[in-house]
Structures are given as structure tokens and as C-alpha cells.
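Chemist: File upload01.txt below, compact mmCIF, C-alpha atoms:
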# COMPACT_ATOMS: atom_id res chain seq x y z
CA MET A 1 48.44 -9.17 21.25
CA SER A 2 47.92 -10.11 24.89
CA SER A 3 50.27 -12.48 26.71
CA SER A 4 47.55 -15.15 26.78
CA ASP A 5 46.93 -14.76 23.05
CA LEU A 6 50.64 -14.99 22.30
CA LEU A 7 50.98 -18.09 24.47
CA ARG A 8 48.09 -19.75 22.66
CA GLU A 9 49.61 -18.82 19.30
CA LEU A 10 53.01 -20.23 20.20
CA ILE A 11 51.54 -23.47 21.49
CA ARG A 12 49.35 -23.71 18.39
CA GLU A 13 52.48 -23.46 16.24
CA VAL A 14 54.15 -26.28 18.16
CA THR A 15 51.06 -28.48 17.89
CA VAL A 16 50.63 -27.82 14.17
CA GLN A 17 54.27 -28.46 13.46
CA LEU A 18 54.34 -31.72 15.35
CA ASN A 19 51.08 -33.02 13.89
CA ASP A 20 51.21 -31.61 10.36
CA GLU A 21 55.00 -31.46 9.88
CA LEU A 22 54.84 -28.15 8.06
CA GLN A 23 58.40 -27.51 7.08
CA VAL A 24 60.35 -29.62 9.53
CA GLU A 25 61.27 -33.27 9.42
CA TYR A 26 60.28 -34.69 12.79
CA GLY A 27 63.45 -35.28 14.78
CA SER A 28 65.69 -33.31 12.41
CA GLU A 29 68.17 -30.68 13.53
CA SER A 30 65.86 -28.02 12.09
CA HIS A 31 62.97 -29.41 14.12
CA ILE A 32 65.05 -29.31 17.32
CA ASN A 33 66.15 -25.76 16.52
CA GLU A 34 62.53 -24.76 15.93
CA LEU A 35 61.51 -26.04 19.35
CA ASP A 36 64.50 -24.29 20.91
CA THR A 37 63.31 -21.05 19.30
CA LEU A 38 59.84 -21.50 20.71
CA ILE A 39 61.25 -22.17 24.17
CA SER A 40 63.33 -18.99 23.90
CA ASN A 41 60.27 -17.00 22.83
CA LEU A 42 58.30 -18.27 25.80
CA GLN A 43 61.16 -17.55 28.19
CA PHE A 44 61.42 -14.01 26.81
CA LEU A 45 57.68 -13.52 27.23
CA LYS A 46 57.77 -14.85 30.77
CA LYS A 47 60.64 -12.54 31.63
CA SER A 48 58.81 -9.54 30.16
CA LEU A 49 55.82 -10.19 32.40
CA ARG A 50 58.00 -9.65 35.44
CA LYS A 51 58.41 -5.98 34.54
CA GLY A 52 56.09 -3.02 34.52
CA GLU A 53 53.23 -1.87 36.64
CA ASN A 54 51.14 -5.00 35.99
CA ARG A 55 53.89 -7.46 36.94
CA HIS A 56 51.99 -8.64 40.05
CA LYS A 57 48.87 -9.46 38.02
CA HIS A 58 50.52 -12.02 35.75
CA ARG A 59 51.60 -14.71 38.21
CA LYS A 60 49.10 -17.20 36.83
CA GLU A 61 50.19 -16.49 33.24
CA MET A 62 53.87 -16.87 34.20
CA HIS A 63 53.08 -20.23 35.79
CA ARG A 64 51.29 -21.33 32.62
CA LEU A 65 54.21 -20.20 30.52
CA GLN A 66 56.59 -22.26 32.64
CA ASP A 67 54.32 -25.29 32.18
CA ALA A 68 54.38 -24.71 28.43
CA ILE A 69 58.18 -24.44 28.45
CA GLY A 70 58.37 -27.75 30.32
CA ALA A 71 55.98 -29.39 27.86
CA ILE A 72 57.96 -28.21 24.84
CA ARG A 73 61.21 -29.39 26.41
CA TYR A 74 59.61 -32.82 26.81
CA LEU A 75 58.52 -32.76 23.15
CA LYS A 76 62.01 -31.67 22.13
CA ASN A 77 63.64 -34.56 23.99
CA SER A 78 61.21 -37.00 22.39
CA ALA A 79 61.95 -35.55 18.96
CA ARG A 80 65.69 -35.75 19.59
CA ARG A 81 65.46 -39.43 20.49
CA SER A 82 63.44 -40.03 17.33
CA GLY A 83 66.00 -38.12 15.25
CA ILE A 84 68.90 -40.16 16.60
CA LYS A 85 66.97 -43.36 15.95
CA SER A 86 66.15 -42.42 12.35
CA GLY A 87 69.62 -41.12 11.56
CA LEU A 88 68.57 -37.47 11.18
CA LEU A 89 70.69 -36.56 14.20
CA LYS A 90 74.19 -37.77 14.95
CA GLU A 91 75.30 -37.32 18.54
CA GLY A 92 77.12 -40.48 19.48
CA GLY A 93 74.00 -41.72 21.24
CA LEU A 94 75.52 -44.14 23.74
CA LYS A 95 72.74 -46.17 25.32
CA LEU A 96 74.75 -47.49 28.23
CA PRO A 97 74.43 -45.45 31.42
CA PRO A 98 77.72 -43.98 32.69
CA GLU A 99 78.12 -46.58 35.44
CA LYS A 100 78.22 -49.40 32.84
CA ARG A 101 80.42 -47.83 30.21
CA GLU A 102 83.54 -49.61 31.36
CA MET A 103 81.92 -52.65 29.72
CA LEU A 104 82.27 -51.05 26.28
CA ALA A 105 85.07 -52.34 24.10
CA PRO A 106 87.40 -49.71 22.59
CA LEU A 107 86.25 -49.16 19.00
CA ASN A 108 89.42 -50.01 17.11
CA PRO A 109 89.38 -51.72 13.68
CA SER A 110 89.55 -55.22 15.17
CA VAL A 111 86.61 -54.65 17.52
CA VAL A 112 84.56 -53.03 14.76
CA SER A 113 85.25 -56.02 12.50
CA GLN A 114 84.01 -58.40 15.22
CA ALA A 115 80.94 -56.28 15.94
CA VAL A 116 80.00 -55.93 12.26
CA GLY A 117 80.26 -59.69 11.77
CA ILE A 118 77.95 -60.33 14.74
CA TYR A 119 75.55 -57.62 13.57
CA LYS A 120 75.27 -59.05 10.03
CA ASN A 121 74.58 -62.51 11.47
CA LEU A 122 71.89 -60.94 13.66
CA LEU A 123 70.26 -59.33 10.62
CA ALA A 124 70.34 -62.70 8.85
CA GLU A 125 68.50 -64.25 11.82
CA TRP A 126 66.02 -61.38 11.74
CA ASN A 127 65.37 -62.00 8.05
CA VAL A 128 64.57 -65.64 8.82
CA TYR A 129 62.09 -64.41 11.42
CA LEU A 130 60.61 -61.88 8.97
CA SER A 131 60.07 -64.63 6.44
CA SER A 132 58.33 -66.76 9.06
CA VAL A 133 55.79 -63.98 9.70
CA GLY A 134 55.28 -63.22 6.01
CA GLU A 135 57.27 -59.98 5.82
CA ASP A 136 59.87 -58.88 3.27
CA PRO A 137 63.54 -59.01 4.36
CA VAL A 138 65.85 -56.12 5.14
CA LYS A 139 69.14 -55.76 3.29
CA PRO A 140 72.40 -55.03 5.13
CA LEU A 141 74.53 -52.72 3.00
CA ARG A 142 77.71 -51.33 4.59
CA THR A 143 79.27 -49.36 7.40
CA VAL A 144 78.98 -45.60 7.05
CA GLY A 145 80.17 -42.60 9.01
CA SER A 146 83.40 -42.76 10.96
CA VAL A 147 83.81 -46.53 10.44
CA SER A 148 83.47 -46.41 6.64
CA TYR A 149 87.14 -47.32 6.25
CA TYR A 150 87.57 -49.82 9.08
CA GLN A 151 88.57 -52.65 6.70
CA GLN A 152 91.41 -50.59 5.22
CA ASP A 153 92.47 -49.57 8.72
CA LEU A 154 92.39 -53.22 9.80
CA SER A 155 94.54 -54.36 6.87
CA GLN A 156 97.08 -51.65 7.70
CA SER A 157 97.17 -52.58 11.41
CA SER A 158 96.01 -49.08 12.25
CA ASP A 159 95.48 -48.11 15.89
CA LYS A 160 92.64 -45.78 14.92
CA LYS A 161 89.77 -45.29 17.38
CA TYR A 162 86.23 -44.57 16.22
CA GLY A 163 83.48 -42.64 17.94
CA ASP A 164 80.62 -44.96 17.00
CA VAL A 165 79.57 -47.68 14.55
CA ASP A 166 76.87 -46.89 12.00
CA TYR A 167 75.56 -49.54 9.62
CA LEU A 168 73.36 -48.76 6.62
CA VAL A 169 70.38 -51.10 6.25
CA GLN A 170 67.82 -51.01 3.45
CA PHE A 171 64.21 -51.52 4.48
CA PRO A 172 61.74 -52.79 1.86
CA PHE A 173 59.50 -50.42 -0.09
CA GLU A 174 56.89 -52.09 -2.29
CA HIS A 175 55.02 -48.96 -3.36
CA GLU A 176 56.51 -48.02 -6.72
CA GLY A 177 54.94 -45.33 -8.85
CA ILE A 178 54.25 -42.91 -6.00
CA GLU A 179 54.91 -39.42 -7.31
CA ASP A 180 53.55 -37.41 -4.39
CA GLU A 181 56.55 -36.73 -2.15
CA LYS A 182 54.49 -36.22 1.00
CA GLU A 183 52.71 -39.53 0.53
CA ARG A 184 56.00 -41.34 -0.10
CA ARG A 185 57.58 -39.92 3.03
CA LYS A 186 54.58 -40.90 5.14
CA ILE A 187 54.74 -44.47 3.83
CA GLU A 188 58.46 -44.61 4.59
CA ARG A 189 57.87 -43.47 8.16
CA ASP A 190 55.13 -46.08 8.60
CA ILE A 191 57.40 -48.84 7.25
CA GLN A 192 60.23 -47.83 9.57
CA LYS A 193 57.92 -47.87 12.58
CA LYS A 194 56.48 -51.24 11.55
CA TYR A 195 59.91 -52.84 11.10
CA GLN A 196 61.19 -51.41 14.35
CA ASN A 197 58.30 -53.13 16.10
CA LEU A 198 59.08 -56.33 14.18
CA PHE A 199 62.68 -56.13 15.37
CA VAL A 200 61.52 -55.86 18.97
CA SER A 201 59.24 -58.89 18.46
CA PHE A 202 62.15 -60.81 16.95
CA LEU A 203 64.42 -60.01 19.89
CA ASN A 204 61.79 -60.95 22.45
CA GLU A 205 60.87 -64.22 20.75
CA ARG A 206 64.32 -65.45 19.69
CA GLN A 207 66.42 -64.01 22.55
CA PRO A 208 69.69 -63.95 20.53
CA LEU A 209 72.70 -64.64 22.74
CA THR A 210 74.80 -62.00 21.01
CA VAL A 211 72.49 -59.16 22.08
CA ASP A 212 72.35 -57.45 25.46
CA MET A 213 68.58 -57.45 25.60
CA ASP A 214 68.12 -55.08 28.51
CA GLU A 215 70.32 -52.35 27.07
CA THR A 216 69.09 -52.75 23.49
CA LEU A 217 65.45 -52.48 24.48
CA ARG A 218 66.07 -49.69 26.94
CA GLY A 219 65.22 -46.23 25.66
CA SER A 220 63.43 -45.24 22.47
CA SER A 221 65.46 -46.99 19.77
CA PRO A 222 65.94 -50.77 19.67
CA LEU A 223 67.68 -50.23 16.32
CA MET A 224 70.64 -48.99 18.33
CA VAL A 225 71.80 -52.51 19.13
CA MET A 226 74.05 -53.40 22.05
CA LEU A 227 76.08 -56.45 21.00
CA ILE A 228 77.96 -58.89 23.22
CA LEU A 229 81.43 -59.62 21.87
CA PRO A 230 83.14 -63.01 22.34
CA ASP A 231 85.19 -61.67 25.27
CA GLY A 232 82.05 -60.43 27.03
CA GLN A 233 82.61 -56.76 26.29
CA LEU A 234 79.89 -54.71 24.62
CA ALA A 235 79.75 -52.78 21.35
CA GLN A 236 76.90 -50.62 20.11
CA ILE A 237 75.92 -50.56 16.43
CA ASP A 238 73.44 -47.93 15.26
CA THR A 239 71.17 -48.94 12.39
CA VAL A 240 70.95 -46.23 9.74
CA VAL A 241 67.71 -46.93 7.89
CA THR A 242 67.32 -46.22 4.19
CA PHE A 243 65.09 -47.33 1.32
CA PRO A 244 65.91 -48.56 -2.21
CA ARG A 245 65.43 -45.09 -3.70
CA TYR A 246 68.20 -43.59 -1.57
CA VAL A 247 70.80 -46.36 -1.35
CA GLY A 248 73.26 -44.85 -3.83
CA TRP A 249 72.76 -41.43 -2.31
CA MET A 250 73.29 -42.54 1.28
CA GLU A 251 76.40 -44.57 0.49
CA GLY A 252 78.06 -41.32 -0.52
CA ARG A 253 76.27 -38.80 1.67
CA TYR A 254 77.16 -40.69 4.87
CA THR A 255 80.76 -41.42 3.89
CA PRO A 256 83.35 -38.89 5.10
CA GLU A 257 86.76 -38.24 3.63
CA ARG A 258 89.15 -40.82 5.01
CA GLY A 259 91.09 -39.51 7.98
CA ILE A 260 88.80 -36.52 8.54
CA LYS A 261 85.86 -36.58 10.92
CA GLY A 262 82.47 -37.03 9.28
CA TYR A 263 80.84 -33.91 10.70
CA THR A 264 83.21 -31.78 8.63
CA ILE A 265 81.77 -32.75 5.25
CA GLY A 266 78.26 -33.04 6.66
CA ASN A 267 78.38 -29.38 7.64
CA LEU A 268 79.43 -28.41 4.11
CA TYR A 269 76.32 -30.07 2.64
CA LYS A 270 74.25 -28.22 5.22
CA ALA A 271 75.95 -24.86 4.58
CA LEU A 272 75.14 -25.13 0.88
CA GLY A 273 71.57 -26.22 1.58
CA ASP A 274 71.03 -23.31 3.96
CA TYR A 275 72.10 -20.83 1.29
CA LEU A 276 69.99 -22.38 -1.46
CA VAL A 277 67.00 -22.96 0.86
CA MET A 278 67.13 -26.71 0.23
CA THR A 279 67.69 -29.78 2.41
CA ILE A 280 70.65 -31.94 1.37
CA GLY A 281 70.12 -34.78 3.83
CA THR A 282 69.25 -38.45 4.06
CA ASP A 283 66.69 -38.48 1.24
CA GLY A 284 68.53 -36.59 -1.48
CA VAL A 285 67.99 -32.92 -2.29
CA ILE A 286 64.60 -31.78 -1.03
CA VAL A 287 62.99 -28.50 -2.08
CA ARG A 288 59.96 -27.05 -0.33
CA SER A 289 58.16 -24.20 -2.05
CA LYS A 290 54.96 -22.19 -1.79
CA LYS A 291 52.31 -23.47 -4.17
CA VAL A 292 51.19 -20.02 -5.27
CA SER A 293 54.48 -18.18 -5.75
CA GLY A 294 56.93 -21.07 -6.13
CA GLU A 295 59.22 -19.40 -3.60
CA ARG A 296 61.52 -21.85 -1.85
CA VAL A 297 60.98 -21.89 1.90
CA ARG A 298 63.06 -23.00 4.83
CA VAL A 299 62.16 -25.85 7.11
CA SER A 300 61.38 -23.39 9.89
CA SER A 301 58.79 -21.47 7.85
CA ARG A 302 55.33 -21.40 9.40
CA PHE A 303 52.47 -22.13 7.04
CA HIS A 304 50.20 -25.10 6.57
CA ARG A 305 51.47 -28.07 4.58
CA SER A 306 48.52 -27.80 2.16
CA ALA A 307 50.11 -24.55 0.94
CA GLU A 308 53.45 -26.12 0.04
CA ASN A 309 55.02 -28.35 -2.56
CA ILE A 310 57.73 -30.84 -1.69
CA GLU A 311 60.03 -32.04 -4.46
CA ASN A 312 62.97 -34.39 -4.47
CA ILE A 313 65.16 -32.93 -7.18
CA SER A 314 68.07 -35.38 -6.90
CA THR A 315 68.94 -38.71 -5.34
CA SER A 316 72.23 -38.98 -7.25
CA ILE A 317 75.18 -38.24 -5.02
CA ARG A 318 77.43 -38.18 -8.11
CA THR A 319 75.49 -35.42 -9.91
CA PHE A 320 73.42 -33.58 -7.31
CA LEU A 321 75.22 -30.25 -7.83
CA ARG A 322 74.46 -30.38 -11.55
CA ASP A 323 70.87 -31.38 -10.75
CA ILE A 324 70.56 -28.36 -8.45
CA ALA A 325 71.85 -26.06 -11.19
CA ARG A 326 69.35 -27.43 -13.71
CA TYR A 327 66.50 -27.07 -11.23
CA ILE A 328 67.30 -23.47 -10.33
CA ILE A 329 67.98 -22.38 -13.91
CA GLY A 330 64.90 -24.25 -15.11
CA GLU A 331 66.54 -25.94 -18.08
CA GLU A 332 67.69 -29.49 -18.72
CA GLU A 333 70.58 -28.44 -20.95
CA ILE A 334 72.75 -25.78 -19.35
CA ASN A 335 76.16 -24.25 -20.01
CA GLU A 336 78.15 -25.55 -17.06
CA HIS A 337 81.25 -23.96 -15.71
CA PRO A 338 84.20 -26.38 -16.13
CA LEU A 339 84.47 -26.76 -12.34
CA LEU A 340 80.90 -28.03 -12.20
CA SER A 341 81.54 -30.40 -15.10
CA GLY A 342 84.61 -31.71 -13.29
CA ASP A 343 82.85 -32.19 -9.95
CA PRO A 344 79.08 -32.40 -10.51
CA GLY A 345 78.65 -34.21 -7.19
CA VAL A 346 80.60 -36.51 -4.89
CA ASP A 347 82.35 -39.73 -5.86
CA PRO A 348 81.35 -42.19 -3.10
CA GLU A 349 84.47 -44.23 -3.84
CA ASN A 350 86.76 -41.25 -3.34
CA VAL A 351 85.11 -38.71 -1.05
CA LYS A 352 87.07 -35.48 -0.78
CA ILE A 353 86.06 -32.22 0.87
CA SER A 354 88.18 -30.37 -1.69
CA SER A 355 86.24 -31.96 -4.56
CA LEU A 356 82.90 -31.00 -3.03
CA ALA A 357 84.19 -27.46 -2.53
CA LYS A 358 85.30 -27.28 -6.17
CA GLY A 359 81.87 -28.49 -7.27
CA ILE A 360 80.14 -25.88 -5.10
CA LYS A 361 82.30 -23.17 -6.65
CA GLY A 362 81.43 -24.52 -10.11
CA LEU A 363 77.75 -24.39 -9.16
CA ALA A 364 78.10 -20.79 -7.95
CA LEU A 365 79.87 -19.71 -11.15
CA THR A 366 77.28 -21.49 -13.30
CA LEU A 367 74.37 -19.84 -11.49
CA SER A 368 76.15 -16.48 -11.63
CA ALA A 369 76.53 -16.78 -15.40
CA TYR A 370 72.76 -17.16 -15.63
CA GLY A 371 72.20 -14.13 -13.42
CA VAL A 372 70.71 -16.11 -10.53
CA TYR A 373 73.26 -15.34 -7.80
CA ASN A 374 76.43 -13.35 -7.39
CA SER A 375 79.10 -16.05 -7.15
CA ASP A 376 81.30 -14.16 -4.67
CA GLU A 377 78.38 -13.46 -2.35
CA MET A 378 77.20 -17.08 -2.58
CA LEU A 379 80.61 -18.56 -1.83
CA ASN A 380 81.32 -16.14 1.02
CA THR A 381 77.96 -16.92 2.62
CA VAL A 382 78.38 -20.69 2.24
CA LEU A 383 81.84 -20.39 3.84
CA GLU A 384 80.38 -18.35 6.73
CA ASN A 385 77.61 -20.93 7.19
CA TYR A 386 80.21 -23.69 7.13
CA SER A 387 82.41 -22.01 9.74
CA SER A 388 79.42 -21.41 11.99
CA GLY A 389 78.24 -25.01 11.68
CA LEU A 390 81.67 -26.43 12.47
CA ARG A 391 82.00 -24.21 15.52
CA LYS A 392 78.53 -25.14 16.75
CA ASN A 393 79.30 -28.85 16.38
CA VAL A 394 82.43 -28.60 18.50
CA GLU A 395 80.79 -26.42 21.15
CA ASN A 396 77.95 -28.94 21.45
CA LYS A 397 80.50 -31.67 22.03
CA LYS A 398 82.22 -29.56 24.66
CA LYS A 399 78.92 -29.24 26.54
CA ARG A 400 78.88 -33.04 26.79
CA GLU A 401 82.03 -32.96 28.96
CA LEU A 402 84.61 -33.14 26.18
CA ASP A 403 88.08 -32.82 27.69
CA ASP A 404 90.28 -29.84 26.80
CA LYS A 405 92.75 -31.89 24.73
CA SER A 406 90.01 -33.43 22.57
CA TYR A 407 88.32 -30.05 22.28
CA GLN A 408 91.50 -28.47 20.93
CA LYS A 409 91.98 -31.33 18.47
CA LEU A 410 88.49 -30.68 17.06
CA LEU A 411 89.25 -26.96 16.77
CA ASP A 412 92.37 -27.90 14.81
CA VAL A 413 90.28 -30.14 12.54
CA ASN A 414 87.87 -27.25 11.96
CA ASN A 415 90.73 -24.97 10.94
CA GLN A 416 92.10 -27.66 8.65
CA VAL A 417 88.87 -28.16 6.70
CA LEU A 418 88.03 -24.45 6.65
CA ASN A 419 91.39 -23.83 5.00
CA ILE A 420 90.67 -26.55 2.44
CA VAL A 421 87.28 -25.10 1.49
CA SER A 422 88.49 -21.50 1.57
CA LYS A 423 91.42 -22.37 -0.71
CA GLU A 424 89.10 -23.99 -3.28
CA PHE A 425 86.57 -21.15 -3.14
CA ASN A 426 89.26 -18.49 -3.61
CA SER A 427 91.49 -20.22 -6.15
Just dump the structure as C-alpha cells.
Modeler:
Amino acid sequence: MSSSDLLRELIREVTVQLNDELQVEYGSESHINELDTLISNLQFLKKSLRKGENRHKHRKEMHRLQDAIGAIRYLKNSARRSGIKSGLLKEGGLKLPPEKREMLAPLNPSVVSQAVGIYKNLLAEWNVYLSSVGEDPVKPLRTVGSVSYYQQDLSQSSDKKYGDVDYLVQFPFEHEGIEDEKERRKIERDIQKKYQNLFVSFLNERQPLTVDMDETLRGSSPLMVMLILPDGQLAQIDTVVTFPRYVGWMEGRYTPERGIKGYTIGNLYKALGDYLVMTIGTDGVIVRSKKVSGERVRVSSRFHRSAENIENISTSIRTFLRDIARYIIGEEEINEHPLLSGDPGVDPENVKISSLAKGIKGLALTLSAYGVYNSDEMLNTVLENYSSGLRKNVENKKKRELDDKSYQKLLDVNNQVLNIVSKEFNS
């Protein structure tokens, strides 16, 4: 294949993936990784053209390749902003530019309590506006992520500091009876876009005094709201959008174990999903498979969406491990290992990494008993995936100018949770 043909093929893949959303959720970590891979491929190709006897003939092609790399980087940045807005990516996402960040209040339990109260009042005002324009209301649910336990911390006079404030909000979905998963997901995306625009209209028309309008409307996501506290300081609350179908799931999936950073349990869900070739994310457990063979495929696989099935096999955070076992085995009634019976999912009222690890081991032993996987190989691979994901998370934070002391603390957290999971897997 010539360099020009390869360039066209790579760009075609990007275009198809962005427009047709083959196996990647737009703005997801997998989508960002896919674009990174394409950039790397183009960079490798460009570098290869600098060698050999024809290296002086390919200047025009190398220039075109650099243009393509720049274009894909632009698309990647746009996708990343979309992913942060939709909740698929969690990166802290401060909207304030560095020169204004001294205006941010320290996110202790008292400040979070103030900010949440202001935010809920803002949503109530928005609902009044939505009613006035004939639209269904949104439903504020609860804090999730690192601030899930702020009320307990407040009652105990804790001096805890949080990284950000995430608030789960249910958007309306009046399209019951939709069985096609692709159609449902498209409708959900359209609703989210519509309501984001309605929120901007609300802000512009009502000009609420508790919102820093310039900073909230700056950038790609007005749902990352910059609030003005009574003392004049600012606090950012990020809206995590969900729909009625996923409320119970999200309340558990986005709640970490108390006292342990949220990315630690999030990476364990991902490590399991990577092994099983499933997505355990914001919408439950999603399986993509080839229509002809039924083979499960990863989100980075390259084939047209008409050749795939998408299934949501569980939206129950309490039983999703059992649901996965039933799906893979292909039977509704299965002989569960006692560990799976004891921890068939996650209890959103008592989230524990150790309990999730026990449930994963129970799943592995159950699948092994049916001859699907070797339990030792499955658990070792999940643990390797988990370790790699934790390390990547911390290294990404370090790239964003994390100081050495904070970096070491995160490494210590990684070792702590790795020991917890390893102990449960090997007990």
C-alpha cells in the first residue's frame, strides 16, 4: 500500500468512526485512545518517509501527513471536551483559567454544602423556566464521585478536601418501549444536546445572580457551572447527566468507597470490562458483538456499525456480575459460586473495593466451572489490567503538574488498593 493510500485509509477510519460511531462512544476514553493510536500511526508513517532513497520525493506527502495529524489532534481535543461534559471522562476539568483560580473556594465539606444548596436552587429555577417553554423538568438526584460523602464529613467536622464536585441530574426520557439500543442511545444524545441548549437559554434570559455567567458559558460545556458563593468566592459543579433507565446504576457506579479516591474503583470496573470485552460504564453493561458470528468486539474494533449488535445486558449495579455470568453462560438459571452469590454486584449504600473484588473472583470461578475461562488466568489478567490503569491514571495527573508529594500519595493509594484486590483474588 502506498503512503498516499495508507493516509487516505487512516483518515477514512477517523471520519467513519466520528460519523458512524462504530465501536467507540464519542468522547469516551476508548475514543480518545483510538485517536491517539491514529496520530501515532501517522507519525510513524511520516517518520518512515524520511528514510530510504526516495526520501526527497515525499516532502509533499509528509506535509499532508502533518496536516492530518493536526486535524486529528483538533478532533481529539473536541472529543475530550465532549467527554468531560457528558461524564465519560473525568479529569477535574477546571474551567477557570490559571490567573483566576485564586478566586476558587477550597472544596471542604462546608463549601460543598453551600455550593450544592445554590446548585439545587438553580436547577429549581431552571425547571420553572422549562415549564414556561413547555418542556419536561430535570430531576436533581445526588452528589457523586469524590463528594458522595460530604454530608457525613460535614457532620463529623472533617477537614477533608475534595478534587471536584459532581452532581447527578436525571434528564427526561419520554420514549418508552425502545428496544433497539442504537436508537435509544441516539435519542439520549439528542435530548442531552437539546437540554444543554435550553440551559444556555435559561442562563441568558434569567441571568441568575448566583452564576458567574462568563465562566460558565466559556468553553464547550455550560453544564459545568461556575457558582458564586455568598462570600464572593467561586465553586464549580459539574453536571453528570443520566436518564431514568440508569439512575440506580449510576448512583452506585459513580460512588467510590469512602476515604478512597474514586478512580481506584473506576479502574477495577474497567479492568474487568477489558478482559470480558464489555463496557461497564455510565449506561450499565454494554456488549458489542458481530452480527454474523456473535463474537464480542472491543470499542476500538474497525467495522461498520451495520455489522454489529449492541446490547445492554444489565443496568442493575447490585447484580451486574450475576447478569454478566448469565449472559456469557447463556442460561437464566446457573450454579453460582458462593462468592458470586455473596457479592453479585455492588451495594450502592456500602461501596467497598474488597466486595467488588470478591464478586469478580466469584464470577471467574463460576465461569471456570462452566468451562468458559480459566479462573486463575482471568483473575491474573484483570489484576494486571487494574495495575496498569491505576498507574496510567497517576501518570496522567503528574503530566498536569502534580507536585511530588501529591504524586507519591497517589502511588501509595495505588499500592493500597492493589493489595486489597490482590488479597481477595488470592484468598
Chemist: Quick one: distance from atom CA of A:Phe425 to atom CA of A:Val372 in Å, one decimal?
Modeler: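 For atom CA of A:Phe425 relative to atom CA of A:Val372, the distance reads 18.2 Å.
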Chemist: Counting all atoms listed in the file, what is within 12 Å of A:Gly232, bar same-chain residues fewer than 6 positions away, as a list in words?
Modeler: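 Everything that qualifies: Glu102, Met103, Leu104, Ala105, Ala115, Leu209, Thr210, Val211, Asp212 and Met226 of chain A.
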Chemist: List the neighbours of A:Glu257 out to 9 Å using only C-alpha atoms; skip same-chain residues closer than 6 positions along the sequence, and give me the result as an MDAnalysis selection string.
Modeler: chainID A and resid 264:265 350:353
Chemist: Would you write out those residues with C-alpha atoms, as a PDB file, in the frame of the given file?
Modeler:
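And here is the file that came out, part27.pdb:
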ATOM      1  CA  THR A 264      83.210 -31.780   8.630  1.00  0.00           C
ATOM      2  CA  ILE A 265      81.770 -32.750   5.250  1.00  0.00           C
ATOM      3  CA  ASN A 350      86.760 -41.250  -3.340  1.00  0.00           C
ATOM      4  CA  VAL A 351      85.110 -38.710  -1.050  1.00  0.00           C
ATOM      5  CA  LYS A 352      87.070 -35.480  -0.780  1.00  0.00           C
ATOM      6  CA  ILE A 353      86.060 -32.220   0.870  1.00  0.00           C
TER       7      ILE A 353
END
Chemist: How would you write as a PyMOL selection string the residues that get within 12 Å of (73.1, -63.6, 11.0) in the file's frame, counting only C-alpha atoms?
Modeler: chain A and resi 115-129+138-140+208-211
Chemist: Given the choices A:Asp214, A:Thr319, A:Leu363, A:Tyr263, which gets closest to A:Leu340 if the distance is worked out from all atoms listed in the file?
Modeler: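 Nearest to A:Leu340: A:Leu363.
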Chemist: Skipping near chain neighbours, those fewer than 3 positions away, what residues fall within 6 Å of stretch 167-182 of chain A using all atoms listed in the file, listed as a list in words?
Modeler: Val138, Lys139, Pro140, Leu141, Arg142, Thr143, Val144, Arg185, Thr239, Val240, Val241, Thr242 and Phe243 of chain A
Chemist: Could you list, as a count of residues only, every residue within 9 Å of A:Phe320, counting only C-alpha atoms and ignoring same-chain residues fewer than 3 positions away?
Modeler: 13
Chemist: Counting all atoms listed in the file, figure out which residue out of A:Arg184, A:Gly294, A:Met278, A:Asn415 gets nearest to A:Arg245.
Modeler: A:Arg184
Chemist: For each of A:Leu198, A:Leu49, A:Ile39, A:Val417, take the minimum atom-to-atom distance to A:Arg73, counting only C-alpha atoms, then give the residue where this is smallest.
Modeler: A:Ile39
Chemist: Can you tell me, as a list in words, which residues sit within 10 Å of (86.1, -52.1, 18.6) in the file's frame, using only C-alpha atoms?
Modeler: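 Those residues, ordered by chain and then number, are Leu104, Ala105, Pro106, Leu107, Asn108, Pro109, Ser110, Val111, Val112, Ser113, Gln114, Ala115, Val116, Tyr150, Lys160, Lys161, Tyr162, Gly163, Asp164, Val165, Leu229, Gln233, Leu234, Ala235 and Gln236 of chain A.
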Chemist: Please, what distance in Å, to one decimal, runs between atom CA of A:Ala364 and atom CA of A:Arg258?
Modeler: 26.3 Å
Chemist: Give me, please, the distance in Å between atom CA of A:Lys405 and atom CA of A:Glu99, quoted to one decimal.
Modeler: 23.3 Å
Chemist: Which residue is closest to A:Thr381? Choose from A:Ser422, A:Ser148, A:Gln192, A:Thr255 and count all atoms listed in the file.
Modeler: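 The answer is A:Ser422, which sits nearest to A:Thr381.
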Chemist: When you get a chance, write out N, CA and C atoms for stretch 352-365 of chain A, as an mmCIF file, in the frame of the given file.
Modeler:
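Wrote it out as result.cif, contents follow:
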data_model
loop_
_atom_site.group_PDB
_atom_site.id
_atom_site.type_symbol
_atom_site.label_atom_id
_atom_site.label_comp_id
_atom_site.auth_asym_id
_atom_site.auth_seq_id
_atom_site.Cartn_x
_atom_site.Cartn_y
_atom_site.Cartn_z
ATOM 1 N N LYS A 352 86.116 -36.512 -1.122
ATOM 2 C CA LYS A 352 87.070 -35.480 -0.780
ATOM 3 C C LYS A 352 86.326 -34.164 -0.522
ATOM 4 N N ILE A 353 86.646 -33.530 0.588
ATOM 5 C CA ILE A 353 86.060 -32.220 0.870
ATOM 6 C C ILE A 353 86.468 -31.222 -0.201
ATOM 7 N N SER A 354 87.710 -31.306 -0.666
ATOM 8 C CA SER A 354 88.180 -30.370 -1.690
ATOM 9 C C SER A 354 87.379 -30.518 -2.977
ATOM 10 N N SER A 355 87.024 -31.743 -3.346
ATOM 11 C CA SER A 355 86.240 -31.960 -4.560
ATOM 12 C C SER A 355 84.835 -31.387 -4.429
ATOM 13 N N LEU A 356 84.218 -31.580 -3.256
ATOM 14 C CA LEU A 356 82.900 -31.000 -3.030
ATOM 15 C C LEU A 356 82.982 -29.482 -3.078
ATOM 16 N N ALA A 357 84.030 -28.910 -2.501
ATOM 17 C CA ALA A 357 84.190 -27.460 -2.530
ATOM 18 C C ALA A 357 84.367 -26.950 -3.960
ATOM 19 N N LYS A 358 85.139 -27.662 -4.767
ATOM 20 C CA LYS A 358 85.300 -27.280 -6.170
ATOM 21 C C LYS A 358 83.953 -27.310 -6.896
ATOM 22 N N GLY A 359 83.179 -28.372 -6.631
ATOM 23 C CA GLY A 359 81.870 -28.490 -7.270
ATOM 24 C C GLY A 359 80.932 -27.368 -6.860
ATOM 25 N N ILE A 360 80.981 -26.982 -5.572
ATOM 26 C CA ILE A 360 80.140 -25.880 -5.100
ATOM 27 C C ILE A 360 80.546 -24.572 -5.783
ATOM 28 N N LYS A 361 81.854 -24.367 -5.943
ATOM 29 C CA LYS A 361 82.300 -23.170 -6.650
ATOM 30 C C LYS A 361 81.828 -23.213 -8.105
ATOM 31 N N GLY A 362 81.913 -24.384 -8.731
ATOM 32 C CA GLY A 362 81.430 -24.520 -10.110
ATOM 33 C C GLY A 362 79.936 -24.232 -10.203
ATOM 34 N N LEU A 363 79.183 -24.680 -9.200
ATOM 35 C CA LEU A 363 77.750 -24.390 -9.160
ATOM 36 C C LEU A 363 77.514 -22.889 -9.034
ATOM 37 N N ALA A 364 78.261 -22.232 -8.141
ATOM 38 C CA ALA A 364 78.100 -20.790 -7.950
ATOM 39 C C ALA A 364 78.416 -20.023 -9.231
ATOM 40 N N LEU A 365 79.491 -20.402 -9.914
ATOM 41 C CA LEU A 365 79.870 -19.710 -11.150
ATOM 42 C C LEU A 365 78.864 -19.969 -12.266
#
